[in-house]
Amino acid sequence: MKNISNTAVLALCLLALPAAAGPGHDHDEEAAPAHPVSSEPQSRASSSAKLFELVSVLQGRELTLYVDHQADNRPAHPATLTLTLNGQPLNVQAHGEGEFHAQLDAEPSAGPLALSVAVNSGGKSETLHVELTPPAAEGHADHAEDQAHAASGSGWKSAAATAAAALGLSALIAFIFIRRRRQAAARLGASA
């Protein structure tokens with residue numbers, strides 16, 4: 001019976017040890033992105049009005065728009081968007097619920113970009129305005145350096161978690177070993 005309880009204690013202690021998870025699983029780190037990480041810098045801007053909220057993400061020539069209902073933050077779906085960029089119409093395509101993509105003809109130069117987005121969803125329409133500032137060319141090198149630093153920083157966290165788990169397991173095994181020796185010594189002392 002004692003062997004079963006020691007085994008159960010060992011199993012529970014092992015479950016309580018911290019798991020050595022890979023990058024993106026540490027809650028101290030930023031959440032993993034939904035799309036593959038690109039070394040290209042990006043800029044973000046948001047706008048909200050009475051009916052809808054808009055988040056715009058510009059990365060290189062790719063413009064991604066996320067449109068939600070203002071009242072309950074659910075994606076605007078089905079929806080159609082009409083987009084103008086600095087007064088020029090731009091073709092927008094739906095890419096999931098509340099997500100839209102547009103491809104710019106050329107990568108924008110430095111300076112603000114004026115976006116005007118007319119949203120039509122569920123018989124309601126509203127126009128949102130947002131200003132995006134494209135990332136500067138020098139920001140590209142800084143961003144790549146920041147990503148390299150972040151990638152190297154997550155390696156030591158994984159190694160530290162593995163070392164902590166090994167140390168905890170060693171301590172648990174030592175505790176069980178010492179406890180069994182004491183119980184055996186107590187049984188021998190009681191027999192004599």
# chains A, B, ... in the order shown; residues from 1 in each chain; ligands from 1
>>> residues_around(residues="range 90-92 of chain A", least_positions_apart="3", cutoff="8 Å", atoms="only C-alpha atoms", output="ChimeraX atom specification")
/A:81-85,100-104
>>> write_last_selection(atoms="N, CA and C atoms", output="compact mmCIF listing (two decimals), in the first residue's frame")
# COMPACT_ATOMS: atom_id res chain seq x y z
N LEU A 81 -16.37 46.45 -47.96
CA LEU A 81 -15.61 47.67 -47.68
C LEU A 81 -15.31 48.39 -48.99
N THR A 82 -15.36 49.70 -48.92
CA THR A 82 -14.89 50.55 -50.00
C THR A 82 -13.79 51.40 -49.41
N LEU A 83 -12.60 51.31 -50.00
CA LEU A 83 -11.41 51.93 -49.42
C LEU A 83 -10.82 52.95 -50.37
N THR A 84 -10.45 54.09 -49.82
CA THR A 84 -9.63 55.04 -50.57
C THR A 84 -8.37 55.31 -49.77
N LEU A 85 -7.26 55.38 -50.49
CA LEU A 85 -5.96 55.65 -49.88
C LEU A 85 -5.43 56.94 -50.49
N PHE A 100 -9.95 41.89 -43.91
CA PHE A 100 -9.89 42.30 -45.31
C PHE A 100 -8.45 42.62 -45.69
N HIS A 101 -8.10 42.36 -46.97
CA HIS A 101 -6.74 42.61 -47.45
C HIS A 101 -6.79 43.48 -48.69
N ALA A 102 -5.78 44.34 -48.79
CA ALA A 102 -5.59 45.17 -49.98
C ALA A 102 -4.10 45.20 -50.29
N GLN A 103 -3.78 45.21 -51.58
CA GLN A 103 -2.39 45.26 -52.02
C GLN A 103 -2.13 46.63 -52.63
N LEU A 104 -1.14 47.35 -52.09
CA LEU A 104 -0.77 48.65 -52.63
C LEU A 104 0.06 48.45 -53.90
>>> select_by_dssp(residues="range 72-105 of chain A", states="strand (DSSP E)", output="list of chain:residue names")
A:Ala79, A:Thr80, A:Leu81, A:Thr82, A:Leu83, A:Thr84, A:Leu85, A:Gln88, A:Pro89, A:Leu90, A:Gln93, A:Ala94, A:Glu99, A:Phe100, A:His101, A:Ala102, A:Gln103
>>> write_last_selection(atoms="all heavy atoms", output="short mmCIF file (atom, residue, chain, number, x, y, z; two decimals), in the first residue's frame")
data_model
loop_
_atom_site.label_atom_id
_atom_site.label_comp_id
_atom_site.auth_asym_id
_atom_site.auth_seq_id
_atom_site.Cartn_x
_atom_site.Cartn_y
_atom_site.Cartn_z
N ALA A 79 -19.68 41.56 -44.67
CA ALA A 79 -19.46 43.01 -44.83
C ALA A 79 -18.75 43.27 -46.14
O ALA A 79 -18.05 42.42 -46.67
CB ALA A 79 -18.62 43.54 -43.67
N THR A 80 -18.97 44.46 -46.66
CA THR A 80 -18.23 44.93 -47.82
C THR A 80 -17.56 46.24 -47.44
O THR A 80 -18.11 47.04 -46.69
CB THR A 80 -19.14 45.14 -49.05
OG1 THR A 80 -20.17 46.06 -48.71
CG2 THR A 80 -19.74 43.83 -49.51
N LEU A 81 -16.37 46.45 -47.96
CA LEU A 81 -15.61 47.67 -47.68
C LEU A 81 -15.31 48.39 -48.99
O LEU A 81 -15.04 47.75 -50.00
CB LEU A 81 -14.29 47.33 -47.00
CG LEU A 81 -14.26 47.27 -45.48
CD1 LEU A 81 -15.21 46.26 -44.93
CD2 LEU A 81 -12.86 47.00 -45.00
N THR A 82 -15.36 49.70 -48.92
CA THR A 82 -14.89 50.55 -50.00
C THR A 82 -13.79 51.40 -49.41
O THR A 82 -14.00 52.12 -48.43
CB THR A 82 -16.04 51.43 -50.54
OG1 THR A 82 -17.13 50.59 -50.91
CG2 THR A 82 -15.58 52.24 -51.74
N LEU A 83 -12.60 51.31 -50.00
CA LEU A 83 -11.41 51.93 -49.42
C LEU A 83 -10.82 52.95 -50.37
O LEU A 83 -10.70 52.70 -51.56
CB LEU A 83 -10.37 50.84 -49.12
CG LEU A 83 -8.98 51.27 -48.70
CD1 LEU A 83 -9.00 51.94 -47.33
CD2 LEU A 83 -8.05 50.08 -48.67
N THR A 84 -10.45 54.09 -49.82
CA THR A 84 -9.63 55.04 -50.57
C THR A 84 -8.37 55.31 -49.77
O THR A 84 -8.41 55.43 -48.54
CB THR A 84 -10.37 56.37 -50.85
OG1 THR A 84 -10.72 56.97 -49.63
CG2 THR A 84 -11.60 56.15 -51.71
N LEU A 85 -7.26 55.38 -50.49
CA LEU A 85 -5.96 55.65 -49.88
C LEU A 85 -5.43 56.94 -50.49
O LEU A 85 -5.19 57.00 -51.70
CB LEU A 85 -5.01 54.49 -50.16
CG LEU A 85 -3.58 54.64 -49.70
CD1 LEU A 85 -3.51 54.66 -48.18
CD2 LEU A 85 -2.71 53.52 -50.24
N GLN A 88 -7.37 57.94 -53.50
CA GLN A 88 -7.41 57.01 -54.64
C GLN A 88 -8.09 55.71 -54.21
O GLN A 88 -7.76 55.15 -53.16
CB GLN A 88 -5.99 56.70 -55.12
CG GLN A 88 -5.21 57.90 -55.58
CD GLN A 88 -5.85 58.56 -56.78
OE1 GLN A 88 -6.27 57.90 -57.72
NE2 GLN A 88 -5.95 59.89 -56.74
N PRO A 89 -9.04 55.20 -55.03
CA PRO A 89 -9.71 53.94 -54.67
C PRO A 89 -8.71 52.77 -54.68
O PRO A 89 -7.77 52.74 -55.46
CB PRO A 89 -10.77 53.76 -55.75
CG PRO A 89 -10.42 54.70 -56.84
CD PRO A 89 -9.51 55.74 -56.29
N LEU A 90 -8.96 51.84 -53.78
CA LEU A 90 -8.09 50.67 -53.65
C LEU A 90 -8.97 49.43 -53.53
O LEU A 90 -9.95 49.44 -52.77
CB LEU A 90 -7.19 50.82 -52.41
CG LEU A 90 -6.03 49.87 -52.24
CD1 LEU A 90 -5.06 49.97 -53.40
CD2 LEU A 90 -5.30 50.18 -50.95
N GLN A 93 -10.35 42.91 -50.58
CA GLN A 93 -10.94 41.58 -50.65
C GLN A 93 -11.14 41.03 -49.24
O GLN A 93 -10.27 41.17 -48.38
CB GLN A 93 -10.03 40.66 -51.43
CG GLN A 93 -9.75 41.19 -52.82
CD GLN A 93 -9.71 40.10 -53.84
OE1 GLN A 93 -9.66 38.92 -53.51
NE2 GLN A 93 -9.73 40.48 -55.10
N ALA A 94 -12.30 40.41 -49.03
CA ALA A 94 -12.57 39.76 -47.74
C ALA A 94 -11.64 38.57 -47.59
O ALA A 94 -11.34 37.85 -48.55
CB ALA A 94 -14.02 39.32 -47.66
N GLU A 99 -12.07 40.36 -41.58
CA GLU A 99 -10.68 40.60 -42.02
C GLU A 99 -10.66 40.84 -43.52
O GLU A 99 -11.27 40.10 -44.29
CB GLU A 99 -9.80 39.40 -41.68
CG GLU A 99 -8.35 39.60 -42.05
CD GLU A 99 -7.48 38.42 -41.65
OE1 GLU A 99 -7.89 37.60 -40.81
OE2 GLU A 99 -6.37 38.32 -42.21
N PHE A 100 -9.95 41.89 -43.91
CA PHE A 100 -9.89 42.30 -45.31
C PHE A 100 -8.45 42.62 -45.69
O PHE A 100 -7.69 43.11 -44.86
CB PHE A 100 -10.78 43.52 -45.55
CG PHE A 100 -12.21 43.27 -45.16
CD1 PHE A 100 -12.63 43.46 -43.85
CD2 PHE A 100 -13.13 42.84 -46.10
CE1 PHE A 100 -13.94 43.21 -43.47
CE2 PHE A 100 -14.45 42.59 -45.73
CZ PHE A 100 -14.85 42.77 -44.41
N HIS A 101 -8.10 42.36 -46.97
CA HIS A 101 -6.74 42.61 -47.45
C HIS A 101 -6.79 43.48 -48.69
O HIS A 101 -7.68 43.34 -49.52
CB HIS A 101 -6.02 41.30 -47.78
CG HIS A 101 -5.70 40.48 -46.59
ND1 HIS A 101 -4.43 40.29 -46.14
CD2 HIS A 101 -6.50 39.81 -45.71
CE1 HIS A 101 -4.45 39.54 -45.06
NE2 HIS A 101 -5.69 39.23 -44.79
N ALA A 102 -5.78 44.34 -48.79
CA ALA A 102 -5.59 45.17 -49.98
C ALA A 102 -4.10 45.20 -50.29
O ALA A 102 -3.27 45.21 -49.38
CB ALA A 102 -6.12 46.57 -49.75
N GLN A 103 -3.78 45.21 -51.58
CA GLN A 103 -2.39 45.26 -52.02
C GLN A 103 -2.13 46.63 -52.63
O GLN A 103 -2.80 47.03 -53.57
CB GLN A 103 -2.13 44.14 -53.05
CG GLN A 103 -0.70 43.95 -53.42
CD GLN A 103 0.08 43.22 -52.35
OE1 GLN A 103 -0.46 42.47 -51.56
NE2 GLN A 103 1.36 43.46 -52.32
#
>>> closest_residue(among="A:Ala106, A:Ile178, A:Ala163, A:Ala71", to="Ser48 in chain A", atoms="only C-alpha atoms")
A:Ala71
>>> residues_around(residues="range 51-58 of chain A", least_positions_apart="5", cutoff="7 Å", atoms="only C-alpha atoms", output="PyMOL selection string")
chain A and resi 42-46+63-70+126
>>> write_last_selection(atoms="C-alpha atoms", output="tab-separated table (two decimals), in the first residue's frame")
chain	number	residue	atom	x	y	z
A	42	GLN	CA	4.69	47.31	-39.84
A	43	SER	CA	2.56	50.18	-38.71
A	44	ARG	CA	-0.84	50.06	-37.05
A	45	ALA	CA	-3.64	52.51	-36.58
A	46	SER	CA	-7.20	52.24	-35.32
A	63	LEU	CA	-2.69	46.41	-45.98
A	64	THR	CA	-4.81	44.33	-43.61
A	65	LEU	CA	-8.05	45.72	-42.17
A	66	TYR	CA	-9.96	44.28	-39.23
A	67	VAL	CA	-13.54	45.51	-38.79
A	68	ASP	CA	-15.64	44.77	-35.69
A	69	HIS	CA	-19.01	45.92	-34.40
A	70	GLN	CA	-18.53	48.71	-31.85
A	126	GLU	CA	-20.54	53.95	-41.77
>>> atom_distance(atom1="CA of Asp105 in chain A", atom2="CA of Gly87 in chain A")
14.3 Å
>>> residues_around(residues="Gly122 in chain A", least_positions_apart="6", cutoff="9 Å", atoms="only C-alpha atoms", output="PDB file with all heavy atoms, in the first residue's frame")
ATOM      1  N   ALA A  76     -17.338  42.104 -38.155  1.00  0.00           N
ATOM      2  CA  ALA A  76     -18.366  42.532 -39.103  1.00  0.00           C
ATOM      3  C   ALA A  76     -18.395  41.519 -40.242  1.00  0.00           C
ATOM      4  O   ALA A  76     -17.496  41.487 -41.075  1.00  0.00           O
ATOM      5  CB  ALA A  76     -18.065  43.925 -39.613  1.00  0.00           C
ATOM      6  N   HIS A  77     -19.419  40.675 -40.232  1.00  0.00           N
ATOM      7  CA  HIS A  77     -19.529  39.626 -41.237  1.00  0.00           C
ATOM      8  C   HIS A  77     -20.982  39.294 -41.469  1.00  0.00           C
ATOM      9  O   HIS A  77     -21.707  39.085 -40.493  1.00  0.00           O
ATOM     10  CB  HIS A  77     -18.779  38.375 -40.784  1.00  0.00           C
ATOM     11  CG  HIS A  77     -18.789  37.282 -41.792  1.00  0.00           C
ATOM     12  ND1 HIS A  77     -18.028  37.330 -42.930  1.00  0.00           N
ATOM     13  CD2 HIS A  77     -19.492  36.130 -41.850  1.00  0.00           C
ATOM     14  CE1 HIS A  77     -18.245  36.233 -43.634  1.00  0.00           C
ATOM     15  NE2 HIS A  77     -19.128  35.498 -42.997  1.00  0.00           N
ATOM     16  N   PRO A  78     -21.460  39.205 -42.655  1.00  0.00           N
ATOM     17  CA  PRO A  78     -20.802  39.588 -43.895  1.00  0.00           C
ATOM     18  C   PRO A  78     -20.705  41.111 -43.984  1.00  0.00           C
ATOM     19  O   PRO A  78     -21.536  41.837 -43.445  1.00  0.00           O
ATOM     20  CB  PRO A  78     -21.715  39.019 -44.978  1.00  0.00           C
ATOM     21  CG  PRO A  78     -23.062  38.960 -44.350  1.00  0.00           C
ATOM     22  CD  PRO A  78     -22.829  38.737 -42.893  1.00  0.00           C
ATOM     23  N   ALA A  79     -19.680  41.565 -44.672  1.00  0.00           N
ATOM     24  CA  ALA A  79     -19.462  43.005 -44.830  1.00  0.00           C
ATOM     25  C   ALA A  79     -18.753  43.274 -46.144  1.00  0.00           C
ATOM     26  O   ALA A  79     -18.050  42.418 -46.666  1.00  0.00           O
ATOM     27  CB  ALA A  79     -18.625  43.542 -43.674  1.00  0.00           C
TER      28      ALA A  79
END
>>> decode(residues="range 55-66 of chain A", atoms="all heavy atoms", output="PDB file, in the first residue's frame")
ATOM      1  N   VAL A  55      -9.186  48.422 -37.341  1.00  0.00           N
ATOM      2  CA  VAL A  55      -7.749  48.351 -37.076  1.00  0.00           C
ATOM      3  C   VAL A  55      -7.082  48.111 -38.419  1.00  0.00           C
ATOM      4  O   VAL A  55      -7.445  47.190 -39.149  1.00  0.00           O
ATOM      5  CB  VAL A  55      -7.391  47.219 -36.091  1.00  0.00           C
ATOM      6  CG1 VAL A  55      -5.884  47.091 -35.946  1.00  0.00           C
ATOM      7  CG2 VAL A  55      -8.038  47.462 -34.744  1.00  0.00           C
ATOM      8  N   SER A  56      -6.108  48.957 -38.743  1.00  0.00           N
ATOM      9  CA  SER A  56      -5.386  48.865 -40.010  1.00  0.00           C
ATOM     10  C   SER A  56      -3.943  48.500 -39.726  1.00  0.00           C
ATOM     11  O   SER A  56      -3.322  49.090 -38.852  1.00  0.00           O
ATOM     12  CB  SER A  56      -5.411  50.209 -40.735  1.00  0.00           C
ATOM     13  OG  SER A  56      -6.729  50.678 -40.851  1.00  0.00           O
ATOM     14  N   VAL A  57      -3.412  47.551 -40.487  1.00  0.00           N
ATOM     15  CA  VAL A  57      -2.023  47.129 -40.341  1.00  0.00           C
ATOM     16  C   VAL A  57      -1.377  47.193 -41.714  1.00  0.00           C
ATOM     17  O   VAL A  57      -1.830  46.544 -42.658  1.00  0.00           O
ATOM     18  CB  VAL A  57      -1.910  45.696 -39.777  1.00  0.00           C
ATOM     19  CG1 VAL A  57      -0.457  45.291 -39.654  1.00  0.00           C
ATOM     20  CG2 VAL A  57      -2.633  45.578 -38.457  1.00  0.00           C
ATOM     21  N   LEU A  58      -0.320  47.983 -41.825  1.00  0.00           N
ATOM     22  CA  LEU A  58       0.417  48.125 -43.077  1.00  0.00           C
ATOM     23  C   LEU A  58       1.780  47.476 -42.907  1.00  0.00           C
ATOM     24  O   LEU A  58       2.530  47.813 -41.994  1.00  0.00           O
ATOM     25  CB  LEU A  58       0.584  49.598 -43.448  1.00  0.00           C
ATOM     26  CG  LEU A  58       1.410  49.883 -44.697  1.00  0.00           C
ATOM     27  CD1 LEU A  58       0.717  49.303 -45.935  1.00  0.00           C
ATOM     28  CD2 LEU A  58       1.637  51.370 -44.854  1.00  0.00           C
ATOM     29  N   GLN A  59       2.064  46.516 -43.787  1.00  0.00           N
ATOM     30  CA  GLN A  59       3.349  45.833 -43.755  1.00  0.00           C
ATOM     31  C   GLN A  59       3.840  45.714 -45.199  1.00  0.00           C
ATOM     32  O   GLN A  59       3.297  44.935 -45.977  1.00  0.00           O
ATOM     33  CB  GLN A  59       3.219  44.459 -43.108  1.00  0.00           C
ATOM     34  CG  GLN A  59       4.533  43.782 -42.896  1.00  0.00           C
ATOM     35  CD  GLN A  59       4.394  42.579 -41.978  1.00  0.00           C
ATOM     36  OE1 GLN A  59       3.302  42.090 -41.721  1.00  0.00           O
ATOM     37  NE2 GLN A  59       5.499  42.097 -41.480  1.00  0.00           N
ATOM     38  N   GLY A  60       4.834  46.534 -45.538  1.00  0.00           N
ATOM     39  CA  GLY A  60       5.303  46.574 -46.917  1.00  0.00           C
ATOM     40  C   GLY A  60       4.203  47.139 -47.808  1.00  0.00           C
ATOM     41  O   GLY A  60       3.723  48.237 -47.601  1.00  0.00           O
ATOM     42  N   ARG A  61       3.776  46.340 -48.790  1.00  0.00           N
ATOM     43  CA  ARG A  61       2.676  46.739 -49.676  1.00  0.00           C
ATOM     44  C   ARG A  61       1.349  46.137 -49.254  1.00  0.00           C
ATOM     45  O   ARG A  61       0.316  46.414 -49.859  1.00  0.00           O
ATOM     46  CB  ARG A  61       3.003  46.304 -51.105  1.00  0.00           C
ATOM     47  CG  ARG A  61       4.190  47.034 -51.699  1.00  0.00           C
ATOM     48  CD  ARG A  61       4.542  46.549 -53.088  1.00  0.00           C
ATOM     49  NE  ARG A  61       3.375  46.269 -53.893  1.00  0.00           N
ATOM     50  CZ  ARG A  61       3.330  45.353 -54.854  1.00  0.00           C
ATOM     51  NH1 ARG A  61       4.376  44.617 -55.115  1.00  0.00           N
ATOM     52  NH2 ARG A  61       2.242  45.158 -55.556  1.00  0.00           N
ATOM     53  N   GLU A  62       1.351  45.294 -48.219  1.00  0.00           N
ATOM     54  CA  GLU A  62       0.142  44.594 -47.760  1.00  0.00           C
ATOM     55  C   GLU A  62      -0.576  45.405 -46.695  1.00  0.00           C
ATOM     56  O   GLU A  62      -0.012  45.729 -45.653  1.00  0.00           O
ATOM     57  CB  GLU A  62       0.518  43.220 -47.210  1.00  0.00           C
ATOM     58  CG  GLU A  62      -0.643  42.407 -46.713  1.00  0.00           C
ATOM     59  CD  GLU A  62      -1.472  41.799 -47.832  1.00  0.00           C
ATOM     60  OE1 GLU A  62      -0.965  41.643 -48.952  1.00  0.00           O
ATOM     61  OE2 GLU A  62      -2.638  41.474 -47.561  1.00  0.00           O
ATOM     62  N   LEU A  63      -1.846  45.702 -46.940  1.00  0.00           N
ATOM     63  CA  LEU A  63      -2.686  46.413 -45.980  1.00  0.00           C
ATOM     64  C   LEU A  63      -3.754  45.447 -45.504  1.00  0.00           C
ATOM     65  O   LEU A  63      -4.503  44.883 -46.308  1.00  0.00           O
ATOM     66  CB  LEU A  63      -3.330  47.638 -46.636  1.00  0.00           C
ATOM     67  CG  LEU A  63      -4.281  48.452 -45.771  1.00  0.00           C
ATOM     68  CD1 LEU A  63      -3.550  49.061 -44.573  1.00  0.00           C
ATOM     69  CD2 LEU A  63      -4.936  49.552 -46.598  1.00  0.00           C
ATOM     70  N   THR A  64      -3.808  45.209 -44.202  1.00  0.00           N
ATOM     71  CA  THR A  64      -4.808  44.329 -43.611  1.00  0.00           C
ATOM     72  C   THR A  64      -5.732  45.170 -42.752  1.00  0.00           C
ATOM     73  O   THR A  64      -5.271  45.987 -41.946  1.00  0.00           O
ATOM     74  CB  THR A  64      -4.146  43.226 -42.754  1.00  0.00           C
ATOM     75  OG1 THR A  64      -3.184  42.529 -43.557  1.00  0.00           O
ATOM     76  CG2 THR A  64      -5.170  42.241 -42.237  1.00  0.00           C
ATOM     77  N   LEU A  65      -7.034  44.975 -42.920  1.00  0.00           N
ATOM     78  CA  LEU A  65      -8.047  45.723 -42.174  1.00  0.00           C
ATOM     79  C   LEU A  65      -8.887  44.743 -41.367  1.00  0.00           C
ATOM     80  O   LEU A  65      -9.328  43.714 -41.882  1.00  0.00           O
ATOM     81  CB  LEU A  65      -8.948  46.506 -43.138  1.00  0.00           C
ATOM     82  CG  LEU A  65      -8.230  47.438 -44.113  1.00  0.00           C
ATOM     83  CD1 LEU A  65      -9.171  47.887 -45.205  1.00  0.00           C
ATOM     84  CD2 LEU A  65      -7.666  48.620 -43.372  1.00  0.00           C
ATOM     85  N   TYR A  66      -9.101  45.068 -40.099  1.00  0.00           N
ATOM     86  CA  TYR A  66      -9.960  44.276 -39.227  1.00  0.00           C
ATOM     87  C   TYR A  66     -11.121  45.170 -38.823  1.00  0.00           C
ATOM     88  O   TYR A  66     -10.912  46.257 -38.280  1.00  0.00           O
ATOM     89  CB  TYR A  66      -9.201  43.812 -37.979  1.00  0.00           C
ATOM     90  CG  TYR A  66      -7.984  42.968 -38.301  1.00  0.00           C
ATOM     91  CD1 TYR A  66      -6.722  43.542 -38.378  1.00  0.00           C
ATOM     92  CD2 TYR A  66      -8.113  41.602 -38.539  1.00  0.00           C
ATOM     93  CE1 TYR A  66      -5.611  42.774 -38.677  1.00  0.00           C
ATOM     94  CE2 TYR A  66      -7.000  40.826 -38.837  1.00  0.00           C
ATOM     95  CZ  TYR A  66      -5.753  41.427 -38.907  1.00  0.00           C
ATOM     96  OH  TYR A  66      -4.655  40.661 -39.208  1.00  0.00           O
TER      97      TYR A  66
END
